[in-house]
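One file, entry_9.cif, is given below (mmCIF, C-alpha atoms and all ligand atoms).
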data_coords
loop_
_atom_site.label_atom_id
_atom_site.label_comp_id
_atom_site.auth_asym_id
_atom_site.auth_seq_id
_atom_site.Cartn_x
_atom_site.Cartn_y
_atom_site.Cartn_z
CA MET L 1 -50.76 20.11 25.44
CA ALA L 2 -52.94 17.19 24.47
CA LEU L 3 -52.88 15.18 21.28
CA LYS L 4 -55.09 16.73 18.63
CA LEU L 5 -56.07 14.86 15.49
CA PHE L 6 -58.03 15.97 12.46
CA ASN L 7 -61.26 14.00 12.30
CA THR L 8 -62.79 13.74 8.83
CA LEU L 9 -66.18 13.14 10.44
CA SER L 10 -66.30 16.45 12.35
CA ARG L 11 -63.99 18.24 9.88
CA GLU L 12 -62.09 19.58 12.88
CA LYS L 13 -58.92 19.06 14.81
CA GLU L 14 -60.17 17.36 17.97
CA GLU L 15 -58.53 16.46 21.21
CA PHE L 16 -58.00 12.72 21.15
CA LYS L 17 -59.83 10.85 23.91
CA SER L 18 -59.76 7.08 23.70
CA ILE L 19 -62.92 5.11 24.45
CA LYS L 20 -61.11 2.99 27.04
CA ASP L 21 -58.45 4.54 29.24
CA ARG L 22 -55.00 4.35 27.58
CA GLU L 23 -56.24 1.77 25.04
CA VAL L 24 -56.70 2.43 21.34
CA GLY L 25 -58.45 0.27 18.77
CA LEU L 26 -57.04 1.19 15.35
CA TYR L 27 -58.18 -0.17 11.99
CA THR L 28 -56.38 0.51 8.72
CA CYS L 29 -57.93 -0.35 5.38
CA GLY L 30 -55.33 -2.65 3.90
CA PRO L 31 -54.40 -3.65 0.38
CA THR L 32 -56.50 -5.25 -2.30
CA VAL L 33 -54.05 -7.95 -3.30
CA TYR L 34 -54.35 -8.08 -7.08
CA SER L 35 -50.98 -6.55 -7.88
CA TYR L 36 -47.91 -4.97 -6.23
CA ALA L 37 -48.61 -1.97 -4.02
CA HIS L 38 -47.45 1.33 -5.51
CA ILE L 39 -45.79 3.97 -3.38
CA GLY L 40 -49.07 5.95 -3.25
CA ASN L 41 -50.67 2.99 -1.48
CA LEU L 42 -47.60 2.74 0.72
CA ARG L 43 -48.11 6.34 1.82
CA ALA L 44 -51.35 5.15 3.44
CA TYR L 45 -49.54 2.41 5.39
CA ILE L 46 -46.65 4.65 6.42
CA PHE L 47 -49.21 7.12 7.71
CA GLY L 48 -51.00 4.39 9.72
CA ASP L 49 -47.68 3.20 11.08
CA MET L 50 -46.52 6.68 12.09
CA LEU L 51 -49.85 7.32 13.83
CA LYS L 52 -49.63 4.01 15.68
CA ARG L 53 -46.02 4.65 16.69
CA TYR L 54 -46.93 8.07 18.04
CA LEU L 55 -49.92 6.75 20.00
CA LYS L 56 -47.61 4.17 21.58
CA TYR L 57 -44.99 6.84 22.22
CA SER L 58 -47.72 8.83 23.98
CA GLY L 59 -48.40 5.91 26.33
CA TYR L 60 -51.35 4.15 24.69
CA ASN L 61 -51.68 0.42 24.22
CA VAL L 62 -52.67 0.10 20.60
CA LYS L 63 -54.48 -2.84 19.05
CA HIS L 64 -53.91 -2.43 15.34
CA VAL L 65 -55.93 -4.40 12.81
CA MET L 66 -55.39 -4.32 9.07
CA ASN L 67 -57.52 -6.14 6.55
CA ILE L 68 -56.40 -7.82 3.39
CA THR L 69 -58.98 -7.71 0.64
CA ASP L 70 -58.43 -11.09 -0.98
CA VAL L 71 -61.80 -11.30 -2.72
CA ASP L 72 -63.42 -8.54 -4.75
CA ASP L 73 -64.10 -7.66 -8.39
CA LYS L 74 -60.42 -6.97 -9.12
CA THR L 75 -58.85 -10.01 -7.45
CA ILE L 76 -61.32 -12.30 -9.21
CA ARG L 77 -60.78 -10.69 -12.60
CA GLU L 78 -56.97 -10.71 -12.41
CA SER L 79 -56.69 -14.25 -11.02
CA GLN L 80 -58.75 -15.46 -13.96
CA ASN L 81 -56.56 -13.54 -16.40
CA GLU L 82 -53.59 -15.41 -14.99
CA ASN L 83 -55.39 -18.75 -14.88
CA LYS L 84 -54.74 -19.12 -11.18
CA SER L 85 -56.94 -20.03 -8.26
CA LEU L 86 -57.93 -16.99 -6.21
CA VAL L 87 -55.92 -18.24 -3.21
CA ASP L 88 -52.72 -18.90 -5.17
CA PHE L 89 -53.03 -15.57 -6.92
CA THR L 90 -53.65 -13.45 -3.83
CA SER L 91 -51.07 -15.32 -1.67
CA PHE L 92 -48.34 -14.14 -4.01
CA TYR L 93 -49.27 -10.47 -3.59
CA ILE L 94 -49.84 -10.80 0.14
CA GLU L 95 -46.26 -11.98 0.48
CA ALA L 96 -45.01 -9.14 -1.72
CA PHE L 97 -46.96 -6.68 0.45
CA PHE L 98 -45.34 -7.94 3.65
CA LYS L 99 -41.91 -7.59 2.04
CA ASP L 100 -42.68 -3.94 1.27
CA LEU L 101 -43.76 -3.35 4.86
CA ASP L 102 -40.46 -4.80 6.10
CA LEU L 103 -38.42 -2.65 3.72
CA LEU L 104 -40.23 0.42 5.04
CA ASN L 105 -39.67 -0.63 8.66
CA ILE L 106 -43.42 -0.63 9.23
CA VAL L 107 -44.38 -2.26 12.52
CA LYS L 108 -46.61 -5.26 11.87
CA ALA L 109 -50.27 -4.88 12.77
CA ASP L 110 -51.40 -7.05 15.68
CA ILE L 111 -53.89 -8.78 13.44
CA TYR L 112 -54.18 -9.09 9.65
CA THR L 113 -57.66 -10.16 8.64
CA LYS L 114 -58.24 -11.80 5.28
CA ALA L 115 -61.71 -11.12 3.93
CA THR L 116 -62.17 -14.74 2.85
CA SER L 117 -61.89 -15.85 6.50
CA PHE L 118 -64.82 -13.68 7.65
CA ILE L 119 -67.63 -14.67 5.29
CA ASN L 120 -69.85 -15.92 8.15
CA GLU L 121 -69.50 -12.60 10.00
CA MET L 122 -70.41 -10.70 6.81
CA VAL L 123 -73.47 -12.89 6.20
CA LYS L 124 -74.63 -12.30 9.77
CA LEU L 125 -74.43 -8.51 9.35
CA ILE L 126 -76.30 -8.66 6.05
CA GLU L 127 -79.04 -10.81 7.61
CA ILE L 128 -79.52 -8.26 10.38
CA LEU L 129 -79.68 -5.43 7.82
CA ILE L 130 -82.39 -7.30 5.90
CA GLU L 131 -84.29 -8.02 9.11
CA LYS L 132 -84.16 -4.37 10.16
CA GLY L 133 -85.33 -3.22 6.75
CA PHE L 134 -82.08 -1.50 5.67
CA ALA L 135 -81.33 -4.02 2.94
CA TYR L 136 -83.31 -5.89 0.31
CA LYS L 137 -82.84 -8.84 -2.02
CA THR L 138 -83.18 -8.52 -5.79
CA THR L 139 -84.47 -11.14 -8.18
CA ASP L 140 -80.98 -12.41 -9.03
CA GLY L 141 -80.34 -13.14 -5.32
CA SER L 142 -78.03 -10.19 -4.63
CA VAL L 143 -78.58 -8.03 -1.55
CA TYR L 144 -78.39 -4.22 -1.60
CA PHE L 145 -78.19 -1.58 1.09
CA ASP L 146 -81.02 0.95 0.77
CA ILE L 147 -79.26 4.28 1.31
CA HIS L 148 -82.56 6.17 1.65
CA LYS L 149 -83.43 4.15 4.77
CA ASP L 150 -80.38 5.45 6.59
CA LYS L 151 -81.12 9.01 7.62
CA GLU L 152 -77.45 9.65 8.42
CA TYR L 153 -76.11 8.43 5.08
CA GLY L 154 -73.57 10.94 3.77
CA LYS L 155 -72.35 12.23 7.11
CA LEU L 156 -68.69 11.35 6.55
CA SER L 157 -68.27 12.56 2.99
CA GLY L 158 -70.65 15.44 3.50
CA PHE L 159 -73.57 15.28 1.18
CA ASP L 160 -77.27 15.32 1.65
CA LEU L 161 -79.44 12.48 0.44
CA LYS L 162 -81.91 15.11 -0.73
CA ASP L 163 -79.35 16.38 -3.25
CA LEU L 164 -78.96 13.05 -4.98
CA LYS L 165 -79.85 12.84 -8.63
CA GLU L 166 -82.99 11.05 -9.64
CA ASN L 167 -81.01 8.07 -10.85
CA ALA L 168 -80.03 7.55 -7.23
CA LEU L 169 -83.09 5.37 -7.00
CA GLY L 170 -81.11 2.73 -8.89
CA ARG L 171 -78.46 0.43 -7.57
CA LEU L 172 -74.84 -0.43 -8.19
CA LYS L 173 -73.16 -3.78 -8.22
CA ASN L 174 -69.65 -2.37 -8.71
CA ASP L 175 -67.77 -1.59 -5.50
CA GLU L 176 -66.24 1.65 -6.75
CA TYR L 177 -68.13 4.73 -7.92
CA ASP L 178 -68.11 8.44 -7.27
CA LYS L 179 -70.28 10.64 -5.09
CA GLU L 180 -72.36 11.91 -8.00
CA ASN L 181 -73.45 8.32 -8.56
CA ALA L 182 -74.36 7.44 -5.01
CA GLN L 183 -76.96 4.69 -5.15
CA ASP L 184 -77.91 1.54 -3.30
CA PHE L 185 -74.79 -0.58 -3.09
CA ALA L 186 -74.19 -4.33 -3.08
CA LEU L 187 -73.76 -6.15 0.23
CA TRP L 188 -73.95 -9.59 -1.31
CA LYS L 189 -73.36 -10.36 -4.98
CA ALA L 190 -75.22 -13.37 -6.30
CA TRP L 191 -72.93 -15.68 -8.26
CA ASP L 192 -72.73 -15.20 -11.99
CA GLU L 193 -70.56 -16.87 -14.60
CA LYS L 194 -67.90 -14.19 -14.40
CA ASP L 195 -67.14 -15.26 -10.82
CA GLY L 196 -66.08 -18.75 -11.96
CA ASP L 197 -65.28 -20.93 -8.96
CA VAL L 198 -65.31 -18.03 -6.50
CA PHE L 199 -68.46 -18.31 -4.40
CA TRP L 200 -69.76 -19.30 -0.99
CA GLU L 201 -72.97 -21.24 -0.36
CA THR L 202 -74.61 -19.36 2.52
CA SER L 203 -78.04 -18.61 3.94
CA LEU L 204 -78.10 -15.67 1.52
CA GLY L 205 -77.60 -18.02 -1.41
CA LYS L 206 -74.61 -18.72 -3.63
CA GLY L 207 -72.39 -15.67 -4.04
CA ARG L 208 -69.76 -13.44 -2.53
CA PRO L 209 -69.62 -10.33 -0.37
CA GLY L 210 -69.37 -6.75 -1.61
CA TRP L 211 -66.15 -4.94 -0.70
CA HIS L 212 -67.66 -2.52 1.85
CA ILE L 213 -69.26 -5.12 4.12
CA GLU L 214 -65.90 -6.86 4.38
CA CYS L 215 -64.35 -4.06 6.43
CA SER L 216 -67.43 -3.63 8.66
CA ALA L 217 -67.37 -7.32 9.55
CA MET L 218 -63.62 -7.61 10.10
CA SER L 219 -63.17 -4.41 12.10
CA MET L 220 -66.14 -5.02 14.43
CA LYS L 221 -65.18 -8.65 14.97
CA GLU L 222 -61.65 -7.73 16.08
CA LEU L 223 -62.16 -4.31 17.69
CA GLY L 224 -65.78 -4.33 18.87
CA GLU L 225 -68.87 -2.48 17.67
CA SER L 226 -67.36 0.92 18.54
CA PHE L 227 -63.67 1.62 18.27
CA ASP L 228 -61.31 4.59 18.28
CA ILE L 229 -59.60 5.27 14.95
CA HIS L 230 -60.09 4.17 11.35
CA THR L 231 -57.54 5.17 8.70
CA GLY L 232 -57.23 5.04 4.92
CA GLY L 233 -56.50 7.24 1.93
CA VAL L 234 -58.89 10.07 1.08
CA ASP L 235 -60.29 8.13 -1.87
CA ASN L 236 -61.70 5.70 0.70
CA ILE L 237 -63.93 8.38 2.24
CA PHE L 238 -66.53 7.82 -0.44
CA PRO L 239 -67.98 5.33 -1.02
CA HIS L 240 -66.01 2.82 1.07
CA HIS L 241 -65.97 4.44 4.50
CA GLU L 242 -69.36 6.09 4.08
CA ASN L 243 -70.77 2.65 3.38
CA GLU L 244 -68.89 1.05 6.25
CA ILE L 245 -70.49 3.55 8.63
CA ALA L 246 -73.95 2.99 7.17
CA GLN L 247 -73.74 -0.81 7.39
CA SER L 248 -72.20 -0.94 10.86
CA GLU L 249 -74.33 1.71 12.55
CA CYS L 250 -77.57 0.40 11.07
CA VAL L 251 -76.74 -3.02 12.53
CA THR L 252 -75.62 -1.93 16.01
CA GLY L 253 -77.35 1.43 16.54
CA LYS L 254 -74.04 2.63 18.02
CA GLU L 255 -71.33 4.97 16.81
CA PHE L 256 -69.00 2.79 14.71
CA VAL L 257 -65.77 4.81 14.86
CA LYS L 258 -64.88 7.90 16.88
CA TYR L 259 -62.05 9.34 14.75
CA TRP L 260 -61.77 8.96 10.98
CA MET L 261 -58.33 9.84 9.66
CA HIS L 262 -57.32 10.03 6.01
CA ASN L 263 -54.01 10.58 4.29
CA GLU L 264 -53.98 12.73 1.17
CA HIS L 265 -52.80 11.41 -2.15
CA LEU L 266 -49.39 11.03 -3.61
CA LEU L 267 -49.50 12.71 -7.00
CA VAL L 268 -47.47 12.45 -10.18
CA ASP L 269 -47.57 15.50 -12.42
CA GLY L 270 -50.51 16.75 -10.39
CA LYS L 271 -52.54 13.55 -10.85
CA LYS L 272 -53.26 10.84 -8.27
CA MET L 273 -50.75 8.02 -8.54
CA SER L 274 -52.84 5.01 -9.50
CA LYS L 275 -52.72 1.71 -11.25
CA SER L 276 -55.45 2.73 -13.63
CA LEU L 277 -53.52 5.80 -14.86
CA GLY L 278 -50.30 3.75 -15.07
CA ASN L 279 -48.34 6.64 -13.51
CA PHE L 280 -47.02 4.63 -10.58
CA TYR L 281 -43.75 3.52 -9.04
CA THR L 282 -43.33 0.50 -6.81
CA LEU L 283 -40.80 0.24 -4.02
CA LYS L 284 -38.74 -2.02 -6.30
CA ASP L 285 -38.57 0.78 -8.89
CA LEU L 286 -37.14 3.11 -6.25
CA ILE L 287 -34.60 0.56 -5.04
CA GLU L 288 -33.44 0.00 -8.62
CA LYS L 289 -32.79 3.73 -8.83
CA GLY L 290 -30.61 3.59 -5.73
CA ILE L 291 -33.25 4.98 -3.37
CA ASP L 292 -33.52 3.46 0.10
CA PRO L 293 -37.22 2.82 0.94
CA LEU L 294 -36.60 4.70 4.18
CA ALA L 295 -35.72 7.79 2.14
CA PHE L 296 -39.30 7.64 0.84
CA ARG L 297 -40.47 7.54 4.44
CA LEU L 298 -38.31 10.54 5.29
CA TRP L 299 -39.54 12.44 2.26
CA LEU L 300 -43.18 11.89 3.25
CA TYR L 301 -42.47 13.35 6.69
CA THR L 302 -41.46 16.66 5.14
CA SER L 303 -45.16 17.29 4.44
CA ASN L 304 -48.20 16.75 6.60
CA TYR L 305 -49.99 13.45 5.94
CA SER L 306 -53.12 15.46 5.12
CA THR L 307 -51.63 17.44 2.23
CA LYS L 308 -51.18 16.32 -1.33
CA VAL L 309 -47.56 15.72 -2.33
CA ASN L 310 -46.17 15.61 -5.83
CA PHE L 311 -43.67 12.82 -6.44
CA THR L 312 -40.59 13.48 -8.57
CA LEU L 313 -37.34 11.58 -8.83
CA GLU L 314 -35.38 14.77 -8.08
CA THR L 315 -37.04 15.33 -4.72
CA ILE L 316 -36.76 11.69 -3.69
CA LYS L 317 -33.06 11.80 -4.54
CA GLY L 318 -32.80 14.80 -2.22
CA ALA L 319 -34.41 12.71 0.52
CA GLN L 320 -31.88 9.94 -0.12
CA VAL L 321 -29.06 12.44 0.50
CA ALA L 322 -30.80 13.61 3.69
CA LEU L 323 -31.19 10.03 4.96
CA GLU L 324 -27.51 9.34 4.36
CA ARG L 325 -26.62 12.54 6.19
CA LEU L 326 -28.76 11.47 9.13
CA LYS L 327 -27.19 8.00 9.29
CA LYS L 328 -23.64 9.37 9.01
CA GLY L 329 -24.33 12.02 11.62
CA TYR L 330 -25.82 9.39 13.91
CA ILE L 331 -22.89 6.99 13.52
CA ALA L 332 -20.42 9.82 14.20
CA LEU L 333 -21.97 10.24 17.65
CA GLY L 334 -20.15 7.11 18.81
CA ASP L 335 -21.31 4.22 20.96
CA GLY L 336 -22.41 5.74 24.25
CA ILE L 337 -26.05 6.54 24.94
CA GLY L 338 -26.87 9.35 27.38
CA ILE L 339 -30.23 10.79 28.34
CA VAL L 340 -33.03 12.21 26.21
CA ASP L 341 -32.88 16.00 26.07
CA VAL L 342 -36.00 17.37 27.75
CA ASN L 343 -36.21 20.58 25.73
CA TYR L 344 -36.07 18.81 22.41
CA LYS L 345 -38.52 16.17 23.59
CA THR L 346 -40.98 18.84 24.69
CA ARG L 347 -40.83 20.45 21.26
CA PHE L 348 -41.12 17.08 19.52
CA VAL L 349 -44.27 16.26 21.48
CA GLU L 350 -45.69 19.73 20.89
CA TYR L 351 -45.30 19.36 17.11
CA MET L 352 -46.55 15.80 16.93
CA ASP L 353 -49.49 16.55 19.23
CA ASP L 354 -50.55 19.12 16.65
CA ASN L 355 -52.16 16.65 14.26
CA LEU L 356 -48.84 14.83 13.69
CA ASN L 357 -46.77 17.68 12.31
CA THR L 358 -43.90 15.50 11.13
CA ALA L 359 -42.28 18.29 9.09
CA ARG L 360 -41.59 20.37 12.19
CA ALA L 361 -40.70 17.30 14.27
CA LEU L 362 -38.20 16.21 11.62
CA SER L 363 -36.54 19.62 11.57
CA LEU L 364 -35.46 18.91 15.17
CA VAL L 365 -33.33 16.03 13.96
CA TRP L 366 -31.15 18.41 11.92
CA GLU L 367 -31.06 20.90 14.80
CA ILE L 368 -29.87 18.21 17.19
CA LEU L 369 -27.12 17.02 14.84
CA LYS L 370 -25.84 20.61 14.47
CA ASN L 371 -26.12 21.51 18.15
CA LYS L 372 -22.72 22.33 19.64
CA GLU L 373 -23.81 22.28 23.30
CA LEU L 374 -25.52 18.92 23.56
CA SER L 375 -23.20 15.95 24.25
CA PRO L 376 -22.93 13.25 21.58
CA THR L 377 -24.37 10.66 23.97
CA ASP L 378 -27.43 12.81 24.76
CA LYS L 379 -27.89 13.56 21.07
CA LYS L 380 -27.89 9.86 20.41
CA ALA L 381 -30.44 9.14 23.14
CA THR L 382 -32.71 11.90 21.84
CA LEU L 383 -32.50 10.76 18.21
CA LEU L 384 -33.22 7.18 19.23
CA ASP L 385 -36.20 8.37 21.22
CA PHE L 386 -37.67 10.26 18.24
CA ASP L 387 -36.92 7.33 16.00
CA LYS L 388 -39.49 5.24 17.88
CA VAL L 389 -41.94 7.42 15.95
CA PHE L 390 -40.05 8.14 12.72
CA GLY L 391 -38.99 4.54 12.19
CA PHE L 392 -35.74 5.15 10.32
CA GLY L 393 -34.30 2.07 12.01
CA LEU L 394 -31.48 3.95 13.80
CA ASP L 395 -31.58 1.29 16.54
CA LYS L 396 -30.52 -1.29 13.97
CA ILE L 397 -27.44 0.61 12.81
P1 LIG L 401 -56.15 -0.22 -2.53
O1 LIG L 401 -55.16 -1.36 -2.49
O2 LIG L 401 -56.43 0.29 -3.89
O3 LIG L 401 -57.42 -0.57 -1.76
O4 LIG L 401 -55.50 1.01 -1.77
C1 LIG L 401 -54.82 0.86 -0.55
C2 LIG L 401 -54.70 2.20 0.16
O5 LIG L 401 -53.94 3.13 -0.60
C3 LIG L 401 -56.03 2.90 0.44
O6 LIG L 401 -55.99 3.43 1.75
C4 LIG L 401 -56.07 4.01 -0.60
O7 LIG L 401 -56.85 5.09 -0.16
C5 LIG L 401 -54.60 4.40 -0.66
N1 LIG L 401 -54.18 5.06 -1.89
C6 LIG L 401 -54.44 4.69 -3.16
N2 LIG L 401 -53.84 5.53 -4.05
C7 LIG L 401 -53.16 6.45 -3.31
C8 LIG L 401 -52.32 7.58 -3.63
N3 LIG L 401 -52.04 7.91 -4.88
N4 LIG L 401 -51.80 8.29 -2.60
C9 LIG L 401 -52.05 7.95 -1.31
N5 LIG L 401 -52.83 6.91 -0.94
C10 LIG L 401 -53.38 6.14 -1.93
ZN ZN L 402 -61.68 -1.07 4.06
#

Let me see the file written as structure tokens.
Ligand code: AMP
Ligand code: ZN
Amino acid sequence: MALKLFNTLSREKEEFKSIKDREVGLYTCGPTVYSYAHIGNLRAYIFGDMLKRYLKYSGYNVKHVMNITDVDDKTIRESQNENKSLVDFTSFYIEAFFKDLDLLNIVKADIYTKATSFINEMVKLIEILIEKGFAYKTTDGSVYFDIHKDKEYGKLSGFDLKDLKENALGRLKNDEYDKENAQDFALWKAWDEKDGDVFWETSLGKGRPGWHIECSAMSMKELGESFDIHTGGVDNIFPHHENEIAQSECVTGKEFVKYWMHNEHLLVDGKKMSKSLGNFYTLKDLIEKGIDPLAFRLWLYTSNYSTKVNFTLETIKGAQVALERLKKGYIALGDGIGIVDVNYKTRFVEYMDDNLNTARALSLVWEILKNKELSPTDKKATLLDFDKVFGFGLDKI
């Protein structure tokens, strides 16, 4: 069986075929560093990590790029509230983010791109968009993308430009808005007093980039004009990823990304965990409650990445017990390492090839531990093999 992945763009499970033989270019929308990540955000990074681990397990060389949004409306606003320079403010949360990744045993991306280091690349893209007639300047010096000029606009999130409300002839300076309000969006935001000392003097004038152009510039610079997989949470589908496609494809005339993959949300009481609703937990909150961050990882694997999951302390405590059982069971196998069991491996690959069915793959772990016929050394080799994908850190025990 071949690896099949659900592609948001085609709305189908598709057989995965990399653009270059055995090479994968993978881009994950990273954090906006204006506060600590909550465990909903971390679901997105665990998903990206699990996908990358499985691609590697399947024999691909993966180049993984993750951006860090260190300039946008939120980072500017919060740094000012704390009377800090943008760099000092965001550096603190970048460091906190990397600590979370370590605690979750997430393999580092090959490249982390900070938006503030790619301003020239963003300006270049915007200039091309103006030249080609896809973007226009307004009297205040900002630049907007004209969504009506892009005949394919809407293809990722699935709406037709013809269905837009009349007010869609307006434009939006904010980076975040919903589908009902789709309008021309900002590529370059002319400086205004609210931005304080955050601006760049460029050929477009004094200002700063919009959020969406950041990811187009960083991903294409590091992975080329067309690359294999782009990941993020489902809330990124619109407007962020829709706008990334529009900007990138209108510049290059080529397909930007072949497979778009999105993790569903982590919910609390049926609502999306988010900073704005205040219904969030950080990794630190879990640790203070005696939960190992890897138990959160294990708990996520019990559902498919593409289904919503409701977070409760009871269920995460259950995952903590399961993780301890796994570690104890693994230690009890002793020191010797035998060979990976072919039957279990075949089933593991079959489940993971089916759009990363971690729930079924994880069930094999419990089967292996209970198996009376398999030798302890072969059990150990098999568990270690699967752990290259699960990332429970069994090799470090
Ligand atoms: P942000 O730092 O807000 O840009 O979000 C970082 C990542 O977390 C993005 O991929 C979001 O789609 C994702 N995300 C945000 N909230 C949730 C949630 N409750 N569950 C799962 N993913 C989320
Ligand atoms: Zn992004």

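Residue nearest ligand ZN 402 (chain L), chosen from L:Glu314, L:Glu225, L:Glu14, L:Asp70 and counting all atoms listed in the file: L:Asp70.
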
If I take atom CA of L:Phe280 and atom CA of L:Ala319, how far is one from the other in Å, to one decimal? 18.6 Å

Kindly list the centre and edge lengths in Å, rounded to one decimal, for the axis-aligned box that covers all listed atoms of stretch 175-194 of chain L plus 8 Å on each of its six sides, as lines of an AutoDock Vina configuration file.
center_x = -72.1
center_y = -2.5
center_z = -7.2
size_x = 27.7
size_y = 44.8
size_z = 30.8

Restricting the calculation to only C-alpha atoms and all ligand atoms, which member of L:Asp197, L:Asp72, L:Glu367, L:Asp341 is positioned closest to ligand LIG 401 (chain L)?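 For ligand LIG 401 (chain L), the nearest of the given residues is L:Asp72.
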
Using only C-alpha atoms, which protein or nucleic acid residues come within 12 Å of L:Lys345? Drop anything in the same chain fewer than 4 positions from it, and give the result as a list in words.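 Contacts, with the query itself left out: Tyr57, Ser58, Ile339, Val340, Asp341, Val349, Glu350, Tyr351, Met352, Asp353, Ala361, Leu362, Leu364, Val365, Ile368, Asp378, Lys379, Ala381, Thr382, Leu383, Leu384, Asp385, Phe386 and Asp387 of chain L.
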
All residues having an atom within 12 Å of ligand ZN 402 (chain L) (all atoms listed in the file) as JSON, numbers by chain: {"L": [27, 28, 29, 30, 31, 32, 65, 66, 67, 68, 69, 70, 72, 113, 114, 115, 175, 210, 211, 212, 213, 214, 215, 216, 217, 218, 219, 220, 230, 231, 232, 233, 234, 235, 236, 237, 238, 239, 240, 241, 242, 243, 244, 245]}

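Proximity of L:Tyr177, L:Gly338, L:Leu313, L:Ser303 to L:Leu286, computed with all atoms listed in the file, is greatest for L:Leu313.
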
In Å, how far is it from atom CA of L:Leu5 to atom CA of L:Phe47?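 So the answer is 12.9 Å.
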
With distances taken over only C-alpha atoms and all ligand atoms, which of L:Trp366, L:Phe134, L:Phe118, L:Phe311 is nearest to ligand LIG 401 (chain L)?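 Closest residue, counting only C-alpha atoms and all ligand atoms: L:Phe311.
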
In terms of only C-alpha atoms and all ligand atoms, the residue from L:Lys308, L:Lys380, L:Lys173, L:Lys4 at minimal distance from ligand LIG 401 (chain L) is L:Lys308

Missing atoms in stretch 31-43 of chain L need filling: write out N, CA, C and O atoms for it as a short mmCIF file (atom, residue, chain, number, x, y, z; two decimals), in the frame of the given file.
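result-v9.cif, freshly written:
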data_model
loop_
_atom_site.label_atom_id
_atom_site.label_comp_id
_atom_site.auth_asym_id
_atom_site.auth_seq_id
_atom_site.Cartn_x
_atom_site.Cartn_y
_atom_site.Cartn_z
N PRO L 31 -54.50 -3.56 1.83
CA PRO L 31 -54.40 -3.65 0.38
C PRO L 31 -55.43 -4.60 -0.24
O PRO L 31 -55.87 -5.56 0.40
N THR L 32 -55.77 -4.30 -1.47
CA THR L 32 -56.50 -5.25 -2.30
C THR L 32 -55.40 -5.97 -3.09
O THR L 32 -54.68 -5.34 -3.86
N VAL L 33 -55.27 -7.27 -2.84
CA VAL L 33 -54.05 -7.95 -3.30
C VAL L 33 -54.23 -8.54 -4.71
O VAL L 33 -54.30 -9.75 -4.88
N TYR L 34 -54.25 -7.63 -5.69
CA TYR L 34 -54.35 -8.08 -7.08
C TYR L 34 -53.13 -7.67 -7.89
O TYR L 34 -53.03 -7.96 -9.07
N SER L 35 -52.21 -6.93 -7.22
CA SER L 35 -50.98 -6.55 -7.88
C SER L 35 -50.04 -5.97 -6.81
O SER L 35 -50.41 -5.93 -5.63
N TYR L 36 -48.82 -5.56 -7.21
CA TYR L 36 -47.91 -4.97 -6.23
C TYR L 36 -48.47 -3.64 -5.76
O TYR L 36 -49.11 -2.92 -6.54
N ALA L 37 -48.21 -3.29 -4.51
CA ALA L 37 -48.61 -1.97 -4.02
C ALA L 37 -47.73 -0.92 -4.70
O ALA L 37 -46.55 -1.18 -4.96
N HIS L 38 -48.30 0.24 -5.03
CA HIS L 38 -47.45 1.33 -5.51
C HIS L 38 -47.15 2.26 -4.33
O HIS L 38 -47.75 2.11 -3.26
N ILE L 39 -46.22 3.18 -4.53
CA ILE L 39 -45.79 3.97 -3.38
C ILE L 39 -46.87 4.94 -2.89
O ILE L 39 -46.79 5.43 -1.78
N GLY L 40 -47.90 5.18 -3.72
CA GLY L 40 -49.07 5.95 -3.25
C GLY L 40 -49.80 5.15 -2.18
O GLY L 40 -50.10 5.64 -1.09
N ASN L 41 -50.05 3.87 -2.48
CA ASN L 41 -50.67 2.99 -1.48
C ASN L 41 -49.81 2.96 -0.22
O ASN L 41 -50.32 3.01 0.90
N LEU L 42 -48.50 2.89 -0.44
CA LEU L 42 -47.60 2.74 0.72
C LEU L 42 -47.63 3.99 1.60
O LEU L 42 -47.37 3.91 2.80
N ARG L 43 -47.97 5.14 0.99
CA ARG L 43 -48.11 6.34 1.82
C ARG L 43 -49.19 6.10 2.89
O ARG L 43 -49.04 6.52 4.04
#
